[in-house]
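**Student:** One structure coming up, written as structure tokens, with questions to follow.
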Amino acid sequence: MGKDARPDGSGGGGDGESGGGMRTVQRAIDILGLFSEHRPALSLRQLVEASGLPKTTVLRILQTLRLNGLLWLDEHGRYTAGPTFLRWVRMADQGWRLPAPARRALRELAAEHRETVHLYVRRDVHRVCVAQEEGPQALRHIVQVGDELPLWAGGPSKVLLLGADDALLERIAGRSPSGPAHAATLRHWAAETARQGYAVSHGEHEEGLSSVAVPVRGRGGEVVAALSFGGPSARFTPERLPRFVTSLAGAARTVAGGLGALPTEG
């Protein structure tokens, strides 16, 4: 592969119209990815520094994004999300909203066990939260719908690794703090999760936080999502674990019926 090549084929070495066009699209997506809930407005200087691209390239991409309503200039001359996203948000909410029985199952889980419930799907080397129901306790772990987390650790990640091939595990490991050697641990976790039927994590992403997750399976038995509880480790005791797993597994069957109406990566 050339130095700009990507495993997903989104960029080549810049040869030909197709490779250059895909590289430009990827750069635009990367720039949009610099914005977040915690950084909703960024200056040109911040975008250039964070992207590592030449200023002229960043300016050209920003102009195109502004013309299409994807970015906007605020009163301080900083870039922020544009109005086009309002339409896209409505479409995404419509497409990914769980049917009523599945949403009710998540609410009942949170009410019964008083812990926050999350539903994740895999997107390449990440997991994305597509549904959430907050538990009633003041001290709780919150991941917002739409948040993207790495797959190199965590109970839901271990579930979503079921069936993953070596190439994917190696790419995930390469992004982890432990580097490529972490692939062996990911394989072990996937095998352990397959044997147990559930996955548990304690402090793998953040000290003091734990999770327990079960697979949500499609009609063919493939893992399409992970349903999990997450919260302070002090509440995720061995005594509570069997009850967590039993309740999650029961709800996963209801959620699986609702996921059939949601979009897939294909």
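By order in the structure tokens, chains are A, B, ...; within a chain, residues start at 1; ligands start at 1, following the order shown.
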Check the DSSP output for the backbone and give back, as an NGL selection string, the residues of region 4-127 of chain A in strand (DSSP E or B).
**Tutor:** :A and (41-42 or 71-73 or 79-81 or 116-123 or 126-127)
**Student:** What's the 10 Å shell around Ser43 (chain A), counting only C-alpha atoms, without same-chain residues fewer than 5 positions away, as a ChimeraX atom specification?
**Tutor:** /A:48-49,73-74,76-80
**Student:** Can you check which parts of region 46-164 of chain A lie within 8 Å of region 172-176 of chain A? Per residue, the shortest pair of atoms and distance in Å to one decimal, counting only C-alpha atoms, sorted by chain and number, as a tab-separated table.
**Tutor:**
residue	atom	partner	partner_atom	distance
A:Val125	CA	A:Ile172	CA	5.5
A:Pro150	CA	A:Ile172	CA	7.9
A:Leu151	CA	A:Ile172	CA	6.5
A:Trp152	CA	A:Ser176	CA	5.9
**Student:** Go through A:Arg253, A:Arg103, A:Arg114, A:Arg39 one by one, measure the shortest atom-to-atom distance of each to Ala138 (chain A) using only C-alpha atoms, and give the residue with the smallest value.
**Tutor:**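 Closest candidate: A:Arg114.
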**Student:** Any idea what's packed within 10 Å of His202 (chain A), counting only C-alpha atoms, ignoring anything in its chain fewer than 6 positions away? Could you give it as a PyMOL selection string?
**Tutor:** chain A and resi 153-155+208-212+230-234+236
**Student:** Those same residues, written as an mmCIF file, in the first residue's frame with all heavy atoms?
**Tutor:**
data_model
loop_
_atom_site.group_PDB
_atom_site.id
_atom_site.type_symbol
_atom_site.label_atom_id
_atom_site.label_comp_id
_atom_site.auth_asym_id
_atom_site.auth_seq_id
_atom_site.Cartn_x
_atom_site.Cartn_y
_atom_site.Cartn_z
ATOM 1 N N ALA A 153 -11.403 -2.727 24.110
ATOM 2 C CA ALA A 153 -11.685 -3.098 25.497
ATOM 3 C C ALA A 153 -13.153 -2.862 25.800
ATOM 4 O O ALA A 153 -13.856 -2.159 25.071
ATOM 5 C CB ALA A 153 -10.804 -2.302 26.465
ATOM 6 N N GLY A 154 -13.621 -3.454 26.910
ATOM 7 C CA GLY A 154 -14.994 -3.257 27.354
ATOM 8 C C GLY A 154 -15.882 -4.449 27.051
ATOM 9 O O GLY A 154 -15.690 -5.145 26.042
ATOM 10 N N GLY A 155 -16.843 -4.685 27.939
ATOM 11 C CA GLY A 155 -17.750 -5.811 27.761
ATOM 12 C C GLY A 155 -18.457 -5.833 26.412
ATOM 13 O O GLY A 155 -18.462 -6.854 25.719
ATOM 14 N N GLY A 208 -12.589 2.169 37.657
ATOM 15 C CA GLY A 208 -13.785 2.373 38.464
ATOM 16 C C GLY A 208 -15.084 2.112 37.735
ATOM 17 O O GLY A 208 -16.155 2.172 38.338
ATOM 18 N N LEU A 209 -15.007 1.811 36.432
ATOM 19 C CA LEU A 209 -16.207 1.541 35.649
ATOM 20 C C LEU A 209 -16.218 0.089 35.182
ATOM 21 O O LEU A 209 -15.176 -0.451 34.803
ATOM 22 C CB LEU A 209 -16.293 2.462 34.432
ATOM 23 C CG LEU A 209 -16.522 3.942 34.719
ATOM 24 C CD1 LEU A 209 -16.522 4.741 33.428
ATOM 25 C CD2 LEU A 209 -17.828 4.162 35.485
ATOM 26 N N SER A 210 -17.398 -0.512 35.208
ATOM 27 C CA SER A 210 -17.548 -1.906 34.785
ATOM 28 C C SER A 210 -18.726 -2.040 33.830
ATOM 29 O O SER A 210 -19.583 -1.140 33.737
ATOM 30 C CB SER A 210 -17.777 -2.821 35.996
ATOM 31 O OG SER A 210 -16.634 -2.859 36.819
ATOM 32 N N SER A 211 -18.759 -3.168 33.145
ATOM 33 C CA SER A 211 -19.888 -3.448 32.264
ATOM 34 C C SER A 211 -20.071 -4.949 32.129
ATOM 35 O O SER A 211 -19.137 -5.729 32.337
ATOM 36 C CB SER A 211 -19.676 -2.831 30.878
ATOM 37 O OG SER A 211 -18.590 -3.436 30.209
ATOM 38 N N VAL A 212 -21.284 -5.329 31.796
ATOM 39 C CA VAL A 212 -21.591 -6.709 31.446
ATOM 40 C C VAL A 212 -22.466 -6.654 30.201
ATOM 41 O O VAL A 212 -23.357 -5.808 30.103
ATOM 42 C CB VAL A 212 -22.288 -7.452 32.615
ATOM 43 C CG1 VAL A 212 -23.549 -6.727 33.054
ATOM 44 C CG2 VAL A 212 -22.613 -8.885 32.222
ATOM 45 N N GLY A 230 -23.849 -0.721 32.250
ATOM 46 C CA GLY A 230 -22.588 -0.093 32.585
ATOM 47 C C GLY A 230 -22.742 0.780 33.811
ATOM 48 O O GLY A 230 -23.786 1.423 33.986
ATOM 49 N N GLY A 231 -21.714 0.796 34.668
ATOM 50 C CA GLY A 231 -21.803 1.621 35.860
ATOM 51 C C GLY A 231 -20.580 1.466 36.738
ATOM 52 O O GLY A 231 -19.590 0.827 36.365
ATOM 53 N N PRO A 232 -20.625 2.048 37.959
ATOM 54 C CA PRO A 232 -19.492 1.964 38.886
ATOM 55 C C PRO A 232 -19.178 0.517 39.240
ATOM 56 O O PRO A 232 -20.084 -0.277 39.515
ATOM 57 C CB PRO A 232 -19.987 2.745 40.108
ATOM 58 C CG PRO A 232 -21.077 3.626 39.584
ATOM 59 C CD PRO A 232 -21.733 2.851 38.501
ATOM 60 N N SER A 233 -17.898 0.188 39.284
ATOM 61 C CA SER A 233 -17.482 -1.194 39.547
ATOM 62 C C SER A 233 -17.984 -1.705 40.894
ATOM 63 O O SER A 233 -18.228 -2.916 41.044
ATOM 64 C CB SER A 233 -15.956 -1.286 39.500
ATOM 65 O OG SER A 233 -15.468 -0.988 38.209
ATOM 66 N N ALA A 234 -18.137 -0.823 41.862
ATOM 67 C CA ALA A 234 -18.574 -1.250 43.188
ATOM 68 C C ALA A 234 -19.944 -1.919 43.162
ATOM 69 O O ALA A 234 -20.258 -2.736 44.035
ATOM 70 C CB ALA A 234 -18.600 -0.050 44.141
ATOM 71 N N PHE A 236 -21.030 -3.691 40.465
ATOM 72 C CA PHE A 236 -20.997 -4.842 39.562
ATOM 73 C C PHE A 236 -20.269 -6.000 40.253
ATOM 74 O O PHE A 236 -19.150 -6.374 39.901
ATOM 75 C CB PHE A 236 -20.331 -4.459 38.243
ATOM 76 C CG PHE A 236 -21.242 -3.712 37.322
ATOM 77 C CD1 PHE A 236 -21.747 -2.466 37.687
ATOM 78 C CD2 PHE A 236 -21.645 -4.237 36.104
ATOM 79 C CE1 PHE A 236 -22.613 -1.773 36.855
ATOM 80 C CE2 PHE A 236 -22.514 -3.561 35.262
ATOM 81 C CZ PHE A 236 -22.999 -2.327 35.641
#
**Student:** To test your reading of the structure, identify every residue in region 134-207 of chain A that backbone DSSP assigns to alpha helix (DSSP H), and report it as a short mmCIF file (atom, residue, chain, number, x, y, z; two decimals) with C-alpha atoms, in the first residue's frame.
**Tutor:**
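The resulting file, part21.cif, is reproduced below:
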data_model
loop_
_atom_site.label_atom_id
_atom_site.label_comp_id
_atom_site.auth_asym_id
_atom_site.auth_seq_id
_atom_site.Cartn_x
_atom_site.Cartn_y
_atom_site.Cartn_z
CA GLY A 155 -17.75 -5.81 27.76
CA PRO A 156 -19.77 -4.72 24.70
CA SER A 157 -16.59 -4.75 22.59
CA LYS A 158 -15.85 -8.35 23.57
CA VAL A 159 -19.34 -9.33 22.43
CA LEU A 160 -19.00 -7.49 19.13
CA ASP A 166 -7.76 -11.96 12.29
CA ALA A 167 -7.38 -8.95 9.99
CA LEU A 168 -10.00 -6.99 11.95
CA LEU A 169 -8.57 -8.01 15.32
CA GLU A 170 -5.13 -6.87 14.23
CA ARG A 171 -6.44 -3.49 13.08
CA ILE A 172 -8.27 -3.02 16.39
CA ALA A 173 -5.17 -4.03 18.35
CA GLY A 174 -3.04 -1.61 16.37
CA HIS A 182 -3.09 -6.88 21.98
CA ALA A 183 -4.53 -9.02 19.16
CA ALA A 184 -3.80 -12.16 21.19
CA THR A 185 -5.82 -10.75 24.12
CA LEU A 186 -8.70 -9.88 21.80
CA ARG A 187 -8.75 -13.45 20.46
CA HIS A 188 -8.79 -14.77 24.03
CA TRP A 189 -11.65 -12.45 24.98
CA ALA A 190 -13.69 -13.46 21.93
CA ALA A 191 -13.20 -17.16 22.70
CA GLU A 192 -14.10 -16.63 26.36
CA THR A 193 -17.23 -14.67 25.42
CA ALA A 194 -18.30 -17.39 22.98
CA ARG A 195 -17.88 -20.02 25.68
CA GLN A 196 -19.71 -18.06 28.42
#
**Student:** Show me, as JSON, numbers by chain, the residues that have an atom within 10 Å of region 66-72 of chain A when counting only C-alpha atoms, minus same-chain residues fewer than 6 positions from it.
**Tutor:** {"A": [32, 41, 78, 79, 80, 81, 82, 83, 84, 85, 86]}
**Student:** Now that the selection is made, can you save its residues with all heavy atoms as a compact mmCIF listing (two decimals), in the first residue's frame?
**Tutor:**
# COMPACT_ATOMS: atom_id res chain seq x y z
N LEU A 32 -14.60 17.03 9.63
CA LEU A 32 -15.87 17.05 10.35
C LEU A 32 -15.76 16.27 11.66
O LEU A 32 -16.38 16.63 12.66
CB LEU A 32 -16.98 16.45 9.48
CG LEU A 32 -17.43 17.29 8.28
CD1 LEU A 32 -18.42 16.51 7.43
CD2 LEU A 32 -18.05 18.61 8.74
N ALA A 41 -17.23 24.30 18.31
CA ALA A 41 -16.78 25.40 17.45
C ALA A 41 -15.26 25.42 17.44
O ALA A 41 -14.63 25.38 18.50
CB ALA A 41 -17.32 26.74 17.95
N ARG A 78 -15.51 31.35 14.07
CA ARG A 78 -15.18 29.93 14.24
C ARG A 78 -16.16 29.08 13.45
O ARG A 78 -17.30 29.48 13.21
CB ARG A 78 -15.24 29.55 15.73
CG ARG A 78 -14.25 30.30 16.61
CD ARG A 78 -14.48 29.95 18.07
NE ARG A 78 -15.85 30.25 18.48
CZ ARG A 78 -16.36 30.01 19.68
NH1 ARG A 78 -15.58 29.45 20.60
NH2 ARG A 78 -17.60 30.32 19.97
N TYR A 79 -15.72 27.90 13.09
CA TYR A 79 -16.57 26.99 12.33
C TYR A 79 -17.38 26.12 13.29
O TYR A 79 -16.88 25.67 14.33
CB TYR A 79 -15.72 26.11 11.42
CG TYR A 79 -15.06 26.87 10.30
CD1 TYR A 79 -13.83 27.50 10.50
CD2 TYR A 79 -15.67 27.00 9.05
CE1 TYR A 79 -13.22 28.23 9.48
CE2 TYR A 79 -15.07 27.73 8.03
CZ TYR A 79 -13.84 28.33 8.26
OH TYR A 79 -13.25 29.05 7.25
N THR A 80 -18.62 25.87 12.92
CA THR A 80 -19.50 25.02 13.73
C THR A 80 -20.42 24.25 12.78
O THR A 80 -20.46 24.49 11.58
CB THR A 80 -20.31 25.88 14.72
OG1 THR A 80 -21.04 25.02 15.59
CG2 THR A 80 -21.28 26.81 13.99
N ALA A 81 -21.16 23.30 13.33
CA ALA A 81 -22.03 22.47 12.50
C ALA A 81 -23.07 23.33 11.79
O ALA A 81 -23.66 24.24 12.37
CB ALA A 81 -22.72 21.41 13.36
N GLY A 82 -23.30 23.01 10.51
CA GLY A 82 -24.24 23.79 9.70
C GLY A 82 -25.64 23.23 9.72
O GLY A 82 -25.88 22.14 10.25
N PRO A 83 -26.60 23.95 9.14
CA PRO A 83 -28.01 23.56 9.20
C PRO A 83 -28.35 22.29 8.44
O PRO A 83 -29.37 21.65 8.72
CB PRO A 83 -28.73 24.77 8.58
CG PRO A 83 -27.70 25.44 7.73
CD PRO A 83 -26.39 25.23 8.44
N THR A 84 -27.51 21.88 7.49
CA THR A 84 -27.78 20.64 6.75
C THR A 84 -27.85 19.45 7.69
O THR A 84 -28.59 18.50 7.45
CB THR A 84 -26.71 20.41 5.67
OG1 THR A 84 -26.81 21.47 4.71
CG2 THR A 84 -26.90 19.08 4.97
N PHE A 85 -27.08 19.52 8.78
CA PHE A 85 -27.08 18.41 9.72
C PHE A 85 -28.44 18.23 10.39
O PHE A 85 -28.76 17.12 10.85
CB PHE A 85 -26.00 18.61 10.79
CG PHE A 85 -24.63 18.20 10.34
CD1 PHE A 85 -23.65 19.15 10.12
CD2 PHE A 85 -24.33 16.87 10.11
CE1 PHE A 85 -22.38 18.77 9.70
CE2 PHE A 85 -23.07 16.48 9.69
CZ PHE A 85 -22.09 17.44 9.48
N LEU A 86 -29.23 19.29 10.48
CA LEU A 86 -30.56 19.15 11.11
C LEU A 86 -31.41 18.15 10.35
O LEU A 86 -32.11 17.32 10.94
CB LEU A 86 -31.25 20.52 11.15
CG LEU A 86 -30.59 21.57 12.04
CD1 LEU A 86 -31.28 22.92 11.85
CD2 LEU A 86 -30.64 21.15 13.49
**Student:** State, in Å with one decimal place, the distance from CA of Pro177 (chain A) to CA of Val121 (chain A).
**Tutor:**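 About the pair CA of Pro177 (chain A) and CA of Val121 (chain A): they are 22.2 Å apart.
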**Student:** Using only C-alpha atoms, which residues sit within 9 Å of Glu134 (chain A) once same-chain residues fewer than 5 positions away are excluded, as a VMD selection string?
**Tutor:** chain A and resid 107 110 to 111 114 to 118 140 to 142
**Student:** Keeping C-alpha atoms, export the residues of the selection given above as a compact mmCIF listing (two decimals), in the first residue's frame.
**Tutor:**
# COMPACT_ATOMS: atom_id res chain seq x y z
CA ARG A 107 -36.68 0.81 30.06
CA ALA A 110 -32.98 0.03 33.70
CA ALA A 111 -35.90 0.16 36.14
CA ARG A 114 -31.28 0.49 38.44
CA GLU A 115 -28.31 0.55 36.03
CA THR A 116 -27.89 2.32 32.70
CA VAL A 117 -28.52 0.17 29.63
CA HIS A 118 -26.73 0.61 26.29
CA ARG A 140 -23.97 6.23 36.82
CA HIS A 141 -22.04 5.79 33.61
CA ILE A 142 -23.54 7.65 30.66
**Student:** Rounded to one decimal place, report the CA of Ala131 (chain A)-CA of Ile31 (chain A) distance in Å.
**Tutor:**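 A separation of 25.9 Å between them.
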**Student:** Within 10 Å of Tyr120 (chain A), counting only C-alpha atoms, which residues qualify if same-chain residues fewer than 3 places away don't, as an MDAnalysis selection string?
**Tutor:** chainID A and resid 123 126:132 145:149 156:157 159:160 213 215:216 224:228
